[in-house]
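Undergrad: The structure is given below, and queries will be raised subsequently.
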Amino acid sequence: MSFRKLDKWAHAIAAFLALLGGAGLLAVVVVTCVSVIGRAITPFGPVRGDFEIVEIGAGFAIFCFLPWCHLLRANATVDLFEASFGDRLNRVQNLAGDLLMLVFAAVILWRMWVGMGEKLAYRETTIILQFPVWMTYALCMVGAVGLVIVSVFTVVKSTFKLGGG
């Protein structure tokens, strides 16, 4: 598989997850608005379990945004010394950062997998809606898997650039 195809796949995965996260965030906004309106002016009251829905939806959205953020190198960086370093040293720095991100992404995915297993074993649910907590982990793992995939790609890309490609 060519590097261009890998680049397209990484961008497609990251963009899809970002759009999915945006849809989740939009759903959270709608639920929040309906709940606030329900509290204020309707006899129906707020949406039952609205804060649980917001917690789950926000977590899902954040994890879905991470691959896109990393792929575009939009994470917080400190560029204090970058201008004084040469091009080669900056490429080494980028590779080191991408390797660290891959390690962090893998650890996050692994711990989410372990946590999901524990929540499933104990059959833990949310307080109001009785939503199984393991499903929340599963939803967030979608973005975590995407982050690992994109992190592997960025390591390959940085390695390629370090080699002069």
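FYI, nothing fancy with the structure tokens labels: chains A, B, ... in order, residues from 1 per chain, ligands from 1 as they appear.
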Can you check which parts of range 39-107 of chain A lie within 10 Å of range 143-159 of chain A? Per residue, the shortest pair of atoms and distance in Å to one decimal, counting only C-alpha atoms, sorted by chain and number, as JSON lines.
TA:
{"residue": "A:Gly59", "atom": "CA", "partner": "A:Gly143", "partner_atom": "CA", "distance": 9.8}
{"residue": "A:Phe60", "atom": "CA", "partner": "A:Gly143", "partner_atom": "CA", "distance": 7.4}
{"residue": "A:Ala61", "atom": "CA", "partner": "A:Gly143", "partner_atom": "CA", "distance": 8.3}
{"residue": "A:Ile62", "atom": "CA", "partner": "A:Gly143", "partner_atom": "CA", "distance": 8.1}
{"residue": "A:Phe63", "atom": "CA", "partner": "A:Gly143", "partner_atom": "CA", "distance": 4.6}
{"residue": "A:Cys64", "atom": "CA", "partner": "A:Gly143", "partner_atom": "CA", "distance": 4.2}
{"residue": "A:Phe65", "atom": "CA", "partner": "A:Gly143", "partner_atom": "CA", "distance": 7.4}
{"residue": "A:Leu66", "atom": "CA", "partner": "A:Leu147", "partner_atom": "CA", "distance": 6.3}
{"residue": "A:Pro67", "atom": "CA", "partner": "A:Leu147", "partner_atom": "CA", "distance": 4.4}
{"residue": "A:Trp68", "atom": "CA", "partner": "A:Leu147", "partner_atom": "CA", "distance": 8.2}
{"residue": "A:Cys69", "atom": "CA", "partner": "A:Leu147", "partner_atom": "CA", "distance": 9.3}
{"residue": "A:His70", "atom": "CA", "partner": "A:Ser151", "partner_atom": "CA", "distance": 7.5}
{"residue": "A:Leu71", "atom": "CA", "partner": "A:Val150", "partner_atom": "CA", "distance": 6.5}
{"residue": "A:Leu72", "atom": "CA", "partner": "A:Thr154", "partner_atom": "CA", "distance": 9.7}
{"residue": "A:Arg73", "atom": "CA", "partner": "A:Thr154", "partner_atom": "CA", "distance": 9.5}
{"residue": "A:Arg91", "atom": "CA", "partner": "A:Ser158", "partner_atom": "CA", "distance": 6.9}
{"residue": "A:Val92", "atom": "CA", "partner": "A:Ser158", "partner_atom": "CA", "distance": 8.1}
{"residue": "A:Gln93", "atom": "CA", "partner": "A:Ser158", "partner_atom": "CA", "distance": 9.4}
{"residue": "A:Asn94", "atom": "CA", "partner": "A:Ser158", "partner_atom": "CA", "distance": 6.5}
{"residue": "A:Leu95", "atom": "CA", "partner": "A:Ser158", "partner_atom": "CA", "distance": 5.1}
{"residue": "A:Ala96", "atom": "CA", "partner": "A:Val155", "partner_atom": "CA", "distance": 8.6}
{"residue": "A:Gly97", "atom": "CA", "partner": "A:Val155", "partner_atom": "CA", "distance": 8.8}
{"residue": "A:Asp98", "atom": "CA", "partner": "A:Val155", "partner_atom": "CA", "distance": 5.4}
{"residue": "A:Leu99", "atom": "CA", "partner": "A:Val155", "partner_atom": "CA", "distance": 6.1}
{"residue": "A:Leu100", "atom": "CA", "partner": "A:Ser151", "partner_atom": "CA", "distance": 9.2}
{"residue": "A:Met101", "atom": "CA", "partner": "A:Ser151", "partner_atom": "CA", "distance": 6.5}
{"residue": "A:Leu102", "atom": "CA", "partner": "A:Ser151", "partner_atom": "CA", "distance": 5.0}
{"residue": "A:Val103", "atom": "CA", "partner": "A:Val148", "partner_atom": "CA", "distance": 8.6}
{"residue": "A:Phe104", "atom": "CA", "partner": "A:Val148", "partner_atom": "CA", "distance": 8.9}
{"residue": "A:Ala105", "atom": "CA", "partner": "A:Val148", "partner_atom": "CA", "distance": 5.4}
{"residue": "A:Ala106", "atom": "CA", "partner": "A:Val148", "partner_atom": "CA", "distance": 6.1}
{"residue": "A:Val107", "atom": "CA", "partner": "A:Val148", "partner_atom": "CA", "distance": 9.6}
Undergrad: Would you pick out the contacts of Leu26 in chain A at 10 Å or less, using only C-alpha atoms, so that residues sharing its chain but fewer than 5 positions from it are not included, and give the list as a PDB file with N, CA and C atoms, in the first residue's frame?
TA:
ATOM      1  N   LEU A  20     -18.595  12.181  13.583  1.00  0.00           N
ATOM      2  CA  LEU A  20     -19.378  11.398  14.525  1.00  0.00           C
ATOM      3  C   LEU A  20     -19.394  12.071  15.901  1.00  0.00           C
ATOM      4  N   GLY A  21     -18.238  12.545  16.326  1.00  0.00           N
ATOM      5  CA  GLY A  21     -18.159  13.274  17.586  1.00  0.00           C
ATOM      6  C   GLY A  21     -18.968  14.558  17.549  1.00  0.00           C
ATOM      7  N   VAL A  31     -30.326  17.953  23.709  1.00  0.00           N
ATOM      8  CA  VAL A  31     -30.874  17.446  24.980  1.00  0.00           C
ATOM      9  C   VAL A  31     -30.813  18.523  26.054  1.00  0.00           C
ATOM     10  N   THR A  32     -29.711  19.252  26.114  1.00  0.00           N
ATOM     11  CA  THR A  32     -29.564  20.316  27.102  1.00  0.00           C
ATOM     12  C   THR A  32     -30.601  21.416  26.886  1.00  0.00           C
ATOM     13  N   GLY A  57     -22.268  11.779  26.291  1.00  0.00           N
ATOM     14  CA  GLY A  57     -22.096  12.394  24.972  1.00  0.00           C
ATOM     15  C   GLY A  57     -20.827  13.219  24.860  1.00  0.00           C
ATOM     16  N   ALA A  58     -20.494  13.953  25.917  1.00  0.00           N
ATOM     17  CA  ALA A  58     -19.280  14.775  25.885  1.00  0.00           C
ATOM     18  C   ALA A  58     -18.037  13.893  25.856  1.00  0.00           C
ATOM     19  N   ALA A  61     -17.731  12.473  22.370  1.00  0.00           N
ATOM     20  CA  ALA A  61     -17.295  13.500  21.414  1.00  0.00           C
ATOM     21  C   ALA A  61     -15.803  13.799  21.564  1.00  0.00           C
TER      22      ALA A  61
END
Undergrad: Can you list every residue in range 54-139 of chain A that DSSP puts in alpha helix (DSSP H), as number ranges by chain?
TA: A: 54-71, 87-122, 133-139
Undergrad: Take the residues from that selection and write them out as a CSV table (one decimal), in the first residue's frame, keeping C-alpha atoms.
TA:
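Result written to again_20.csv:
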chain,number,residue,atom,x,y,z
A,54,VAL,CA,-24.3,15.1,28.7
A,55,GLU,CA,-21.5,13.2,30.5
A,56,ILE,CA,-21.7,10.3,28.1
A,57,GLY,CA,-22.1,12.4,25.0
A,58,ALA,CA,-19.3,14.8,25.9
A,59,GLY,CA,-16.9,11.9,26.6
A,60,PHE,CA,-17.8,10.2,23.3
A,61,ALA,CA,-17.3,13.5,21.4
A,62,ILE,CA,-13.9,14.2,23.0
A,63,PHE,CA,-12.5,10.8,22.2
A,64,CYS,CA,-13.8,11.1,18.6
A,65,PHE,CA,-12.1,14.5,18.2
A,66,LEU,CA,-8.7,13.2,19.4
A,67,PRO,CA,-7.6,11.5,16.1
A,68,TRP,CA,-8.4,14.5,14.0
A,69,CYS,CA,-6.6,16.8,16.4
A,70,HIS,CA,-3.5,14.6,16.4
A,71,LEU,CA,-3.5,14.1,12.7
A,87,ASP,CA,15.1,21.1,10.3
A,88,ARG,CA,16.6,17.7,11.1
A,89,LEU,CA,16.3,18.2,14.9
A,90,ASN,CA,12.7,19.3,14.5
A,91,ARG,CA,11.9,16.2,12.5
A,92,VAL,CA,13.5,14.1,15.3
A,93,GLN,CA,11.3,16.1,17.8
A,94,ASN,CA,8.2,15.4,15.8
A,95,LEU,CA,9.0,11.7,15.6
A,96,ALA,CA,9.6,11.6,19.4
A,97,GLY,CA,6.3,13.4,20.0
A,98,ASP,CA,4.4,11.0,17.7
A,99,LEU,CA,6.0,8.0,19.4
A,100,LEU,CA,4.9,9.3,22.8
A,101,MET,CA,1.4,10.0,21.5
A,102,LEU,CA,1.3,6.4,20.2
A,103,VAL,CA,2.3,5.1,23.6
A,104,PHE,CA,-0.2,7.2,25.4
A,105,ALA,CA,-3.0,6.3,22.9
A,106,ALA,CA,-2.2,2.6,23.4
A,107,VAL,CA,-2.2,2.9,27.2
A,108,ILE,CA,-5.5,4.7,27.1
A,109,LEU,CA,-7.1,2.1,24.9
A,110,TRP,CA,-5.7,-0.7,27.0
A,111,ARG,CA,-7.0,0.8,30.3
A,112,MET,CA,-10.4,1.5,28.7
A,113,TRP,CA,-10.6,-2.1,27.7
A,114,VAL,CA,-9.8,-3.2,31.2
A,115,GLY,CA,-12.2,-0.7,32.7
A,116,MET,CA,-15.0,-1.8,30.3
A,117,GLY,CA,-14.5,-5.4,31.3
A,118,GLU,CA,-14.8,-4.5,35.0
A,119,LYS,CA,-17.9,-2.4,34.5
A,120,LEU,CA,-19.4,-5.3,32.5
A,121,ALA,CA,-18.5,-7.8,35.1
A,122,TYR,CA,-20.1,-5.8,37.9
A,133,VAL,CA,-21.6,2.0,32.1
A,134,TRP,CA,-19.6,-0.5,30.0
A,135,MET,CA,-21.4,0.8,27.0
A,136,THR,CA,-20.1,4.3,27.7
A,137,TYR,CA,-16.6,2.8,27.7
A,138,ALA,CA,-17.3,1.0,24.4
A,139,LEU,CA,-18.5,4.2,22.8
Undergrad: So, counting only C-alpha atoms, which residue among A:Gly163, A:Leu129, A:Val142, A:Ile37 is closest to Ala14 in chain A?
TA: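 So, comparing all the options, the nearest one is A:Val142.
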Undergrad: Between CA of Cys140 in chain A and CA of Asp50 in chain A, what is the spacing in Å?
TA: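 CA of Asp50 in chain A sits 18.6 Å away from CA of Cys140 in chain A.
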Undergrad: Rank nothing, just name the residue among A:Phe3, A:Phe16, A:Phe160, A:Phe51 nearest to Ile128 in chain A, using only C-alpha atoms.
TA: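 Answer, going by the shortest atom-to-atom distance: A:Phe51.
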Undergrad: Just the number, please: distance in Å from CA of Val29 in chain A to CA of Glu52 in chain A, one decimal.
TA: 13.1 Å
